[in-house]
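Structure data follow from final-v6.txt (compact mmCIF, C-alpha atoms):
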```txt
# COMPACT_ATOMS: atom_id res chain seq x y z
CA LEU A 223 54.36 41.57 -80.34
CA LYS A 224 56.87 42.32 -77.58
CA ASN A 225 54.53 40.68 -75.07
CA ARG A 226 54.10 37.66 -77.29
CA GLU A 227 57.89 37.28 -77.51
CA ARG A 228 58.11 37.47 -73.71
CA LEU A 229 55.54 34.72 -73.14
CA LYS A 230 57.19 32.58 -75.81
CA LYS A 231 60.51 32.74 -73.93
CA GLN A 232 58.81 31.85 -70.66
CA ILE A 233 57.06 28.85 -72.22
CA ASN A 234 60.33 27.76 -73.76
CA PHE A 235 61.99 27.79 -70.32
CA ILE A 236 59.05 25.92 -68.77
CA SER A 237 59.35 23.25 -71.45
CA GLU A 238 63.16 23.02 -71.09
CA ILE A 239 63.09 22.46 -67.31
CA ASP A 240 60.84 19.43 -67.80
CA LYS A 241 64.20 17.67 -68.34
CA LEU A 242 64.91 17.95 -64.60
CA LYS A 243 62.46 15.06 -64.17
CA ASN A 244 65.03 12.80 -65.82
CA ILE A 245 68.11 13.85 -63.86
CA GLY A 246 68.69 10.93 -61.49
CA ARG A 247 70.16 11.23 -58.01
CA GLN A 248 71.93 8.65 -55.84
CA THR A 249 69.17 8.83 -53.20
CA TYR A 250 66.53 6.10 -53.12
CA LEU A 251 62.85 6.72 -52.54
CA ILE A 252 61.71 5.83 -49.02
CA HIS A 253 58.81 3.61 -50.05
CA ASP A 254 60.05 2.21 -53.35
CA ASP A 255 63.18 0.65 -54.82
CA ARG A 256 64.21 3.32 -57.31
CA HIS A 257 66.37 6.44 -57.29
CA GLU A 258 64.64 9.77 -57.05
CA ASN A 259 65.14 12.52 -59.61
CA ASP A 260 65.93 16.21 -59.21
CA ALA A 261 62.38 17.45 -59.80
CA GLU A 262 61.00 15.14 -57.09
CA HIS A 263 63.81 16.13 -54.73
CA SER A 264 63.19 19.85 -55.36
CA TRP A 265 59.48 19.45 -54.65
CA HIS A 266 60.18 17.53 -51.45
CA ILE A 267 62.59 20.06 -49.95
CA ALA A 268 60.29 22.96 -50.90
CA VAL A 269 57.53 21.32 -48.82
CA MET A 270 60.06 20.70 -46.05
CA ALA A 271 60.84 24.44 -46.02
CA LEU A 272 57.17 25.12 -45.26
CA ILE A 273 56.98 22.49 -42.51
CA LEU A 274 60.38 23.02 -40.84
CA SER A 275 60.85 26.81 -41.05
CA GLU A 276 60.47 27.11 -37.27
CA TYR A 277 63.89 25.42 -36.90
CA ALA A 278 65.77 27.96 -39.00
CA GLU A 279 68.66 29.61 -37.16
CA GLU A 280 67.37 33.03 -38.22
CA ARG A 281 63.71 33.34 -37.27
CA ARG A 282 62.90 36.36 -39.46
CA LEU A 283 63.39 34.46 -42.69
CA ASP A 284 61.92 35.31 -46.09
CA ILE A 285 60.35 31.89 -46.68
CA LEU A 286 59.27 32.70 -50.25
CA ARG A 287 62.94 33.34 -51.06
CA VAL A 288 63.94 30.02 -49.46
CA VAL A 289 61.27 28.17 -51.46
CA LYS A 290 62.26 29.90 -54.72
CA MET A 291 65.90 28.88 -54.23
CA LEU A 292 64.95 25.30 -53.49
CA LEU A 293 62.68 25.08 -56.52
CA ILE A 294 65.35 26.28 -58.94
CA HIS A 295 68.69 25.29 -57.34
CA ASP A 296 69.08 22.02 -59.26
CA ILE A 297 67.99 23.24 -62.70
CA VAL A 298 71.67 23.64 -63.69
CA GLU A 299 71.98 19.84 -63.43
CA ILE A 300 70.02 19.51 -66.68
CA ASP A 301 73.34 20.30 -68.38
CA ALA A 302 75.86 19.61 -65.61
CA GLY A 303 74.39 16.38 -64.26
CA ASP A 304 74.00 15.43 -60.60
CA THR A 305 77.31 15.29 -58.74
CA PHE A 306 77.22 12.89 -55.76
CA ILE A 307 78.45 14.84 -52.71
CA TYR A 308 80.99 12.13 -51.85
CA ASP A 309 82.46 12.16 -55.40
CA THR A 310 85.71 14.12 -54.86
CA GLU A 311 86.74 13.96 -58.53
CA GLY A 312 83.36 15.12 -59.86
CA ASN A 313 83.22 17.97 -57.38
CA LYS A 314 86.45 19.54 -58.72
CA ASP A 315 84.94 21.09 -61.85
CA LYS A 316 81.34 21.16 -60.57
CA TRP A 317 81.25 24.94 -60.17
CA GLU A 318 82.49 25.60 -63.69
CA ARG A 319 80.08 23.10 -65.28
CA GLU A 320 77.14 24.47 -63.33
CA GLN A 321 77.94 28.09 -64.09
CA LYS A 322 77.88 27.37 -67.83
CA ALA A 323 74.58 25.57 -67.39
CA ALA A 324 73.06 28.47 -65.44
CA GLU A 325 74.13 30.87 -68.20
CA ARG A 326 72.39 28.82 -70.87
CA ILE A 327 69.24 27.69 -69.10
CA PHE A 328 68.23 30.79 -67.11
CA HIS A 329 68.86 32.94 -70.20
CA LEU A 330 66.08 31.19 -72.04
CA LEU A 331 63.90 33.54 -69.96
CA PRO A 332 63.34 37.27 -70.59
CA ASP A 333 66.36 39.24 -69.27
CA ASP A 334 64.78 40.47 -66.02
CA GLN A 335 63.73 36.96 -65.00
CA ALA A 336 67.00 35.40 -66.19
CA LYS A 337 68.86 37.82 -63.93
CA GLU A 338 66.58 37.12 -60.96
CA LEU A 339 66.91 33.33 -61.21
CA TYR A 340 70.65 33.44 -61.91
CA GLU A 341 71.14 35.56 -58.79
CA LEU A 342 68.95 33.28 -56.70
CA TRP A 343 71.01 30.30 -57.84
CA GLU A 344 74.26 32.12 -57.03
CA GLU A 345 72.90 33.11 -53.62
CA PHE A 346 72.06 29.47 -52.93
CA GLU A 347 75.55 28.33 -53.95
CA GLU A 348 77.36 31.00 -51.93
CA LYS A 349 75.53 30.11 -48.68
CA GLU A 350 76.04 33.57 -47.21
CA SER A 351 72.49 34.87 -46.78
CA GLU A 352 70.35 33.44 -43.97
CA GLU A 353 67.84 32.19 -46.56
CA SER A 354 70.47 30.27 -48.49
CA LYS A 355 71.94 28.75 -45.32
CA PHE A 356 68.57 27.37 -44.30
CA ALA A 357 67.82 26.21 -47.85
CA ALA A 358 71.18 24.41 -47.99
CA SER A 359 70.40 22.67 -44.67
CA LEU A 360 67.22 21.21 -46.11
CA ASP A 361 69.00 20.21 -49.32
CA ARG A 362 71.39 18.12 -47.18
CA PHE A 363 68.87 16.93 -44.59
CA GLN A 364 66.53 15.30 -47.10
CA PRO A 365 68.96 12.74 -48.65
CA LEU A 366 70.31 11.99 -45.16
CA LEU A 367 66.77 11.22 -43.99
CA HIS A 368 66.16 9.06 -47.07
CA ASN A 369 69.35 7.15 -46.46
CA TYR A 370 68.42 6.54 -42.84
CA LEU A 371 64.87 5.45 -43.67
CA THR A 372 66.11 3.07 -46.42
CA ARG A 373 68.58 1.49 -43.96
CA GLY A 374 71.54 3.17 -45.60
CA LYS A 375 70.92 1.82 -49.09
CA ALA A 376 72.91 4.49 -51.00
CA TRP A 377 75.52 4.80 -48.23
CA LYS A 378 76.23 1.07 -48.43
CA GLU A 379 76.37 1.06 -52.23
CA HIS A 380 79.06 3.73 -52.16
CA ASN A 381 80.85 2.43 -49.08
CA ILE A 382 80.38 5.72 -47.23
CA GLN A 383 81.71 6.21 -43.68
CA SER A 384 80.05 8.22 -40.90
CA ARG A 385 83.04 10.59 -40.84
CA GLN A 386 82.32 11.56 -44.47
CA VAL A 387 78.63 12.09 -43.78
CA LYS A 388 79.44 14.35 -40.83
CA GLN A 389 82.04 16.34 -42.76
CA ARG A 390 79.94 16.92 -45.86
CA ASN A 391 76.79 17.83 -43.96
CA GLU A 392 78.01 19.82 -40.97
CA HIS A 393 77.26 23.13 -42.72
CA MET A 394 73.64 22.24 -41.91
CA ASN A 395 74.56 23.73 -38.55
CA ASN A 396 74.75 27.23 -40.09
CA GLY A 397 71.17 27.03 -41.33
CA SER A 398 69.62 25.08 -38.50
CA SER A 399 71.47 23.83 -35.43
CA ARG A 400 68.31 22.02 -34.29
CA LEU A 401 68.07 20.01 -37.53
CA TRP A 402 71.83 19.36 -37.53
CA ASN A 403 71.60 17.99 -33.97
CA TYR A 404 68.79 15.73 -35.09
CA ALA A 405 70.80 14.69 -38.18
CA LYS A 406 73.80 13.78 -36.00
CA LYS A 407 71.57 11.53 -33.92
CA LEU A 408 70.41 9.81 -37.11
CA ILE A 409 74.03 9.33 -38.22
CA ASN A 410 75.02 7.79 -34.88
CA SER A 411 71.96 5.59 -34.85
CA ALA A 412 72.74 4.54 -38.45
CA VAL A 413 76.21 3.37 -37.39
CA LYS A 414 74.73 1.40 -34.46
CA ARG A 415 72.17 -0.27 -36.70
CA GLY A 416 74.73 -1.14 -39.36
CA TYR A 417 73.31 1.21 -42.04
CA LEU A 418 76.60 3.13 -42.24
CA HIS A 419 80.30 2.31 -41.66
CA LYS A 420 81.79 3.79 -38.49
CA LEU B 44 59.92 16.13 -24.82
CA LYS B 45 56.99 18.04 -26.28
CA ASN B 46 59.33 19.52 -28.90
CA ARG B 47 60.73 16.11 -29.73
CA GLU B 48 57.20 14.81 -30.29
CA ARG B 49 56.50 17.77 -32.60
CA LEU B 50 59.58 17.16 -34.77
CA LYS B 51 58.79 13.44 -34.87
CA LYS B 52 55.35 14.19 -36.31
CA GLN B 53 56.82 16.54 -38.90
CA ILE B 54 59.43 13.96 -39.98
CA ASN B 55 56.70 11.35 -40.18
CA PHE B 56 54.69 13.58 -42.55
CA ILE B 57 57.79 14.32 -44.64
CA SER B 58 58.44 10.60 -44.99
CA GLU B 59 54.79 9.84 -45.82
CA ILE B 60 54.56 12.38 -48.66
CA ASP B 61 57.52 10.70 -50.40
CA LYS B 62 54.76 8.43 -51.76
CA LEU B 63 53.58 11.25 -54.03
CA LYS B 64 56.58 10.41 -56.24
CA ASN B 65 54.83 7.19 -57.17
CA ILE B 66 51.39 8.58 -57.97
CA GLY B 67 51.25 8.48 -61.75
CA ARG B 68 49.38 10.95 -63.93
CA GLN B 69 48.03 10.64 -67.48
CA THR B 70 50.36 13.39 -68.72
CA TYR B 71 53.54 12.42 -70.56
CA LEU B 72 56.89 14.12 -70.04
CA ILE B 73 57.80 16.52 -72.84
CA HIS B 74 61.25 15.08 -73.55
CA ASP B 75 60.76 11.42 -72.64
CA ASP B 76 58.29 8.64 -73.22
CA ARG B 77 56.93 8.11 -69.73
CA HIS B 78 54.09 9.50 -67.61
CA GLU B 79 54.94 12.11 -65.04
CA ASN B 80 54.09 11.72 -61.37
CA ASP B 81 52.40 14.06 -58.91
CA ALA B 82 55.60 15.21 -57.20
CA GLU B 83 57.17 16.20 -60.53
CA HIS B 84 53.95 17.93 -61.61
CA SER B 85 53.74 19.84 -58.31
CA TRP B 86 57.33 21.03 -58.66
CA HIS B 87 56.74 22.12 -62.25
CA ILE B 88 53.65 24.22 -61.56
CA ALA B 89 55.28 25.80 -58.49
CA VAL B 90 58.10 27.04 -60.75
CA MET B 91 55.48 28.16 -63.28
CA ALA B 92 53.85 30.27 -60.55
CA LEU B 93 57.15 32.15 -60.11
CA ILE B 94 57.65 32.67 -63.85
CA LEU B 95 54.06 33.45 -64.89
CA SER B 96 52.72 35.47 -61.94
CA GLU B 97 52.59 38.62 -64.08
CA TYR B 98 49.66 37.08 -65.99
CA ALA B 99 47.46 36.56 -62.92
CA GLU B 100 44.08 38.27 -63.18
CA GLU B 101 44.62 39.86 -59.77
CA ARG B 102 47.99 41.61 -59.72
CA ARG B 103 48.30 41.97 -55.93
CA LEU B 104 48.62 38.27 -55.37
CA ASP B 105 50.23 36.55 -52.37
CA ILE B 106 52.63 34.40 -54.40
CA LEU B 107 53.87 32.44 -51.39
CA ARG B 108 50.28 31.35 -50.80
CA VAL B 109 49.92 30.30 -54.45
CA VAL B 110 53.15 28.29 -54.28
CA LYS B 111 52.16 26.64 -50.99
CA MET B 112 48.84 25.52 -52.48
CA LEU B 113 50.52 24.14 -55.58
CA LEU B 114 53.11 22.24 -53.54
CA ILE B 115 50.52 20.50 -51.37
CA HIS B 116 47.36 20.31 -53.52
CA ASP B 117 47.98 16.78 -54.82
CA ILE B 118 49.12 15.16 -51.56
CA VAL B 119 45.58 13.79 -51.04
CA GLU B 120 46.16 11.61 -54.13
CA ILE B 121 48.51 9.41 -52.07
CA ASP B 122 45.32 7.80 -50.75
CA ALA B 123 42.74 8.89 -53.33
CA GLY B 124 44.77 8.30 -56.51
CA ASP B 125 44.94 10.59 -59.52
CA THR B 126 41.57 11.14 -61.18
CA PHE B 127 41.87 11.97 -64.90
CA ILE B 128 39.89 15.14 -65.51
CA TYR B 129 37.98 13.57 -68.40
CA ASP B 130 36.96 10.55 -66.27
CA THR B 131 33.30 11.36 -65.49
CA GLU B 132 32.77 8.24 -63.36
CA GLY B 133 35.91 8.73 -61.26
CA ASN B 134 35.08 12.37 -60.67
CA LYS B 135 31.75 11.53 -58.99
CA ASP B 136 33.18 10.47 -55.63
CA LYS B 137 36.50 12.34 -56.01
CA TRP B 138 35.65 14.95 -53.38
CA GLU B 139 34.69 12.39 -50.77
CA ARG B 140 37.78 10.25 -51.36
CA GLU B 141 40.08 13.25 -51.24
CA GLN B 142 38.53 14.68 -48.09
CA LYS B 143 39.19 11.42 -46.24
CA ALA B 144 42.75 11.45 -47.53
CA ALA B 145 43.28 15.05 -46.42
CA GLU B 146 42.00 14.15 -42.93
CA ARG B 147 44.46 11.31 -42.59
CA ILE B 148 47.58 12.72 -44.22
CA PHE B 149 47.59 16.34 -43.03
CA HIS B 150 46.81 15.15 -39.49
CA LEU B 151 50.13 13.35 -39.33
CA LEU B 152 51.43 16.87 -38.65
CA PRO B 153 51.15 18.79 -35.34
CA ASP B 154 47.63 20.26 -35.02
CA ASP B 155 48.50 23.85 -36.00
CA GLN B 156 50.22 22.75 -39.21
CA ALA B 157 47.58 20.12 -39.99
CA LYS B 158 44.95 22.86 -39.81
CA GLU B 159 46.99 25.23 -42.00
CA LEU B 160 47.59 22.67 -44.75
CA TYR B 161 44.05 21.32 -44.64
CA GLU B 162 42.71 24.85 -45.07
CA LEU B 163 45.13 25.58 -47.90
CA TRP B 164 43.98 22.42 -49.67
CA GLU B 165 40.30 23.37 -49.17
CA GLU B 166 41.00 26.87 -50.45
CA PHE B 167 42.60 25.40 -53.57
CA GLU B 168 39.63 23.09 -54.16
CA GLU B 169 37.02 25.82 -53.65
CA LYS B 170 38.62 28.19 -56.20
CA GLU B 171 37.15 31.29 -54.56
CA SER B 172 40.21 33.24 -53.44
CA GLU B 173 42.30 35.00 -56.10
CA GLU B 174 45.32 32.90 -55.10
CA SER B 175 43.43 29.64 -55.61
CA LYS B 176 42.03 30.78 -58.96
CA PHE B 177 45.50 31.51 -60.30
CA ALA B 178 46.90 28.29 -58.80
CA ALA B 179 44.11 26.29 -60.47
CA SER B 180 44.91 27.94 -63.83
CA LEU B 181 48.48 26.72 -63.65
CA ASP B 182 47.36 23.25 -62.56
CA ARG B 183 45.33 23.06 -65.79
CA PHE B 184 47.73 24.89 -68.07
CA GLN B 185 50.69 22.56 -67.43
CA PRO B 186 49.11 19.27 -68.66
CA LEU B 187 47.61 21.12 -71.62
CA LEU B 188 51.06 22.39 -72.55
CA HIS B 189 52.51 18.90 -72.13
CA ASN B 190 49.82 17.45 -74.34
CA TYR B 191 50.45 20.03 -77.03
CA LEU B 192 54.23 19.58 -76.92
CA THR B 193 53.93 15.77 -77.11
CA ARG B 194 51.64 16.07 -80.15
CA GLY B 195 48.56 15.16 -78.16
CA LYS B 196 49.86 11.83 -76.88
CA ALA B 197 47.54 11.52 -73.85
CA TRP B 198 44.61 13.19 -75.70
CA LYS B 199 44.86 10.60 -78.46
CA GLU B 200 45.16 7.68 -76.04
CA HIS B 201 41.92 8.72 -74.35
CA ASN B 202 40.14 9.85 -77.51
CA ILE B 203 39.60 13.36 -76.17
CA GLN B 204 37.79 16.04 -78.22
CA SER B 205 38.61 19.75 -78.30
CA ARG B 206 35.15 20.51 -76.86
CA GLN B 207 36.03 18.53 -73.72
CA VAL B 208 39.39 20.26 -73.35
CA LYS B 209 37.73 23.67 -73.62
CA GLN B 210 34.95 22.79 -71.16
CA ARG B 211 37.20 21.29 -68.49
CA ASN B 212 39.82 24.03 -68.68
CA GLU B 213 37.82 27.21 -69.22
CA HIS B 214 37.96 28.08 -65.50
CA MET B 215 41.59 29.01 -66.28
CA ASN B 216 39.95 32.24 -67.42
CA ASN B 217 39.12 33.15 -63.79
CA GLY B 218 42.75 32.94 -62.74
CA SER B 219 44.38 34.29 -65.88
CA SER B 220 42.55 35.41 -69.00
CA ARG B 221 45.93 35.92 -70.75
CA LEU B 222 46.99 32.32 -70.17
CA TRP B 223 43.51 31.04 -71.08
CA ASN B 224 43.66 32.95 -74.37
CA TYR B 225 47.04 31.40 -75.06
CA ALA B 226 45.69 27.95 -74.10
CA LYS B 227 42.77 28.34 -76.51
CA LYS B 228 45.24 29.09 -79.30
CA LEU B 229 47.11 25.89 -78.44
CA ILE B 230 43.86 23.91 -78.49
CA ASN B 231 42.90 25.27 -81.91
CA SER B 232 46.37 24.68 -83.26
CA ALA B 233 46.28 21.13 -81.83
CA VAL B 234 43.09 20.41 -83.80
CA LYS B 235 44.66 21.79 -86.99
CA ARG B 236 47.79 19.70 -86.55
CA GLY B 237 45.82 16.55 -85.79
CA TYR B 238 46.92 16.26 -82.13
CA LEU B 239 43.32 16.48 -80.93
CA HIS B 240 39.88 15.56 -82.31
CA LYS B 241 37.73 18.50 -83.36
```

File written out as structure tokens:
Amino acid sequence: LKNRERLKKQINFISEIDKLKNIGRQTYLIHDDRHENDAEHSWHIAVMALILSEYAEERRLDILRVVKMLLIHDIVEIDAGDTFIYDTEGNKDKWEREQKAAERIFHLLPDDQAKELYELWEEFEEKESEESKFAASLDRFQPLLHNYLTRGKAWKEHNIQSRQVKQRNEHMNNGSSRLWNYAKKLINSAVKRGYLHK
Amino acid sequence: LKNRERLKKQINFISEIDKLKNIGRQTYLIHDDRHENDAEHSWHIAVMALILSEYAEERRLDILRVVKMLLIHDIVEIDAGDTFIYDTEGNKDKWEREQKAAERIFHLLPDDQAKELYELWEEFEEKESEESKFAASLDRFQPLLHNYLTRGKAWKEHNIQSRQVKQRNEHMNNGSSRLWNYAKKLINSAVKRGYLHK
């Protein structure tokens, strides 16, 4: 009976997080004219972690931990919504909204798993561990790459300037200086090509 | 220069697999009236691997390997398309179509990574290792769960019978007899509730 209750909670969580597939982001798909959603984004950066781990600042990284963080880091947006990184107003109460969401959603799980996922999410947000720094780099690198490859579609829509992109993404440098150097080249090239305001 | 070439290949692969977000499946979302796509499905089952690993038949499982397989197993469908498991005709040349796709897509990567991902995909398809057996169970369990929770929407559309569902999913038993037992209960309950033909 106890075991049945445990599985029931897990299934309930698995059903609840299906909602992440309907949380839209500002980023456009590379090969199609629609926004991507949080589930697609989470999948994409988890694959990127497998492919790009050699560029992590810390070479002895626990990649499973990185992948776990990336898979679950956006689940709080089921309640809190996606906050565009250049939205100063929305970012003011982001932490509070997301903490409430984490409390509700992760606690659909049995206590031990709720605790594990809540702590993983906190670790990701705090960006202190090497794993979370690298994970955060990928979380920023992916939309930047999408913007570049769609000729700045979302940047243009929101009238974003290169200074903003550099400021909001420079913490990529803590997780991967190699990828941040590459990202800076993309930003400069984007300005030259007219994808992004100077 | 050699390093720059390597990163260029990796970025090229990362951009190419964005197409997985447009490969539709027969399964409906649980909380919305649209089909899910392969990227969303891959994300969902990767999270399920983290939550449900305790039910794997083999307890000493390499979970990172399971998650890797689940994240990349559908990438071949970018070229080969999604083949509905109850589509007997489409399943005849599935292997050939997917092998060609794997050759092309994984070989966008540098050779060492192309080899690693190709082998992971083969391992998943062969269902011989313990990791691949458990991964395959989750790949089958998720659409079954979605079908049950949407009152058999895709089953009804395709006129599926419970016998077919049992036949095509019973290999779940090799990866997780606990989850297969639970799945059988769902199938029987689905028949009782009229979600699925007897």

Would you list the contacts of B:Ala99 as an NGL selection string, taking every protein, DNA or RNA residue within 7 Å and counting all atoms listed in the file, but skipping same-chain residues closer than 2 positions in sequence?
:B and (96-97 or 101-102 or 177 or 218-219)

List the neighbours of A:Ser384 out to 12 Å using all atoms listed in the file; skip same-chain residues closer than 6 positions along the sequence, and give me the result as an MDAnalysis selection string.
chainID A and resid 308 366 370 374 377:378 390:392 405:414 416:420

Quick one: of B:Arg147, B:Arg68, B:Arg183, B:His189, who's nearest to chain A, counting all atoms listed in the file?
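Once distances to chain A are computed over all atoms listed in the file, the minimum belongs to B:His189.
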
Using only C-alpha atoms, what does the table of chain B residues within 9 Å of chain A look like, with each row giving the shortest atom pair and its distance in Å to one decimal, sorted by chain and ascending number, as a tab-separated table?
```
residue	atom	partner	partner_atom	distance
B:Leu50	CA	A:Leu274	CA	8.5
B:Gln53	CA	A:Ile273	CA	7.0
B:Ile54	CA	A:Leu367	CA	8.8
B:Ile57	CA	A:Met270	CA	6.9
B:Ser58	CA	A:Ile252	CA	7.0
B:Glu59	CA	A:His253	CA	8.5
B:Ile60	CA	A:His266	CA	8.1
B:Asp61	CA	A:Ile252	CA	6.6
B:Lys62	CA	A:His253	CA	6.5
B:Leu63	CA	A:Glu262	CA	8.9
B:Lys64	CA	A:Glu262	CA	6.5
B:Asn65	CA	A:Asp254	CA	8.2
B:Leu72	CA	A:Asp240	CA	7.0
B:Ile73	CA	A:Asp240	CA	6.6
B:His74	CA	A:Lys241	CA	6.5
B:Asp75	CA	A:Asn244	CA	8.2
B:Glu79	CA	A:Lys243	CA	8.1
B:Asn80	CA	A:Glu262	CA	8.8
B:Asp81	CA	A:Glu262	CA	8.9
B:Ala82	CA	A:Glu262	CA	5.4
B:Glu83	CA	A:Glu262	CA	5.3
B:His84	CA	A:Ala261	CA	8.6
B:Ser85	CA	A:Trp265	CA	6.8
B:Trp86	CA	A:Trp265	CA	4.8
B:His87	CA	A:Asp240	CA	7.4
B:Ala89	CA	A:Leu293	CA	7.7
B:Val90	CA	A:Leu293	CA	6.5
B:Met91	CA	A:Ile236	CA	6.9
B:Leu93	CA	A:Lys290	CA	7.8
B:Ile94	CA	A:Gln232	CA	7.0
B:Leu95	CA	A:Gln232	CA	7.6
B:Ile106	CA	A:Leu286	CA	8.0
B:Leu107	CA	A:Leu286	CA	5.5
B:Val110	CA	A:Leu286	CA	8.6
B:Lys111	CA	A:Leu272	CA	7.8
B:Leu114	CA	A:Val269	CA	6.5
B:Ile115	CA	A:Val269	CA	7.5
B:Leu152	CA	A:Ile273	CA	8.8
B:Gln156	CA	A:Ile273	CA	7.5
B:Leu188	CA	A:Ser237	CA	8.4
B:His189	CA	A:Ser237	CA	8.1
B:Leu192	CA	A:Ser237	CA	8.3
```

Å distance separating atom CA of A:Ile245 from atom CA of A:Val298, one decimal place
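Those two atoms sit 10.4 Å apart.
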
If I take atom CA of B:Trp138 and atom CA of B:Asp154, how far is one from the other in Å, to one decimal?
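So the answer is 22.6 Å.
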
Expressed in Å to a single decimal, how great is the separation between atom CA of A:Gly312 and atom CA of A:Ala271?
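Interatomic distance here is 28.0 Å.
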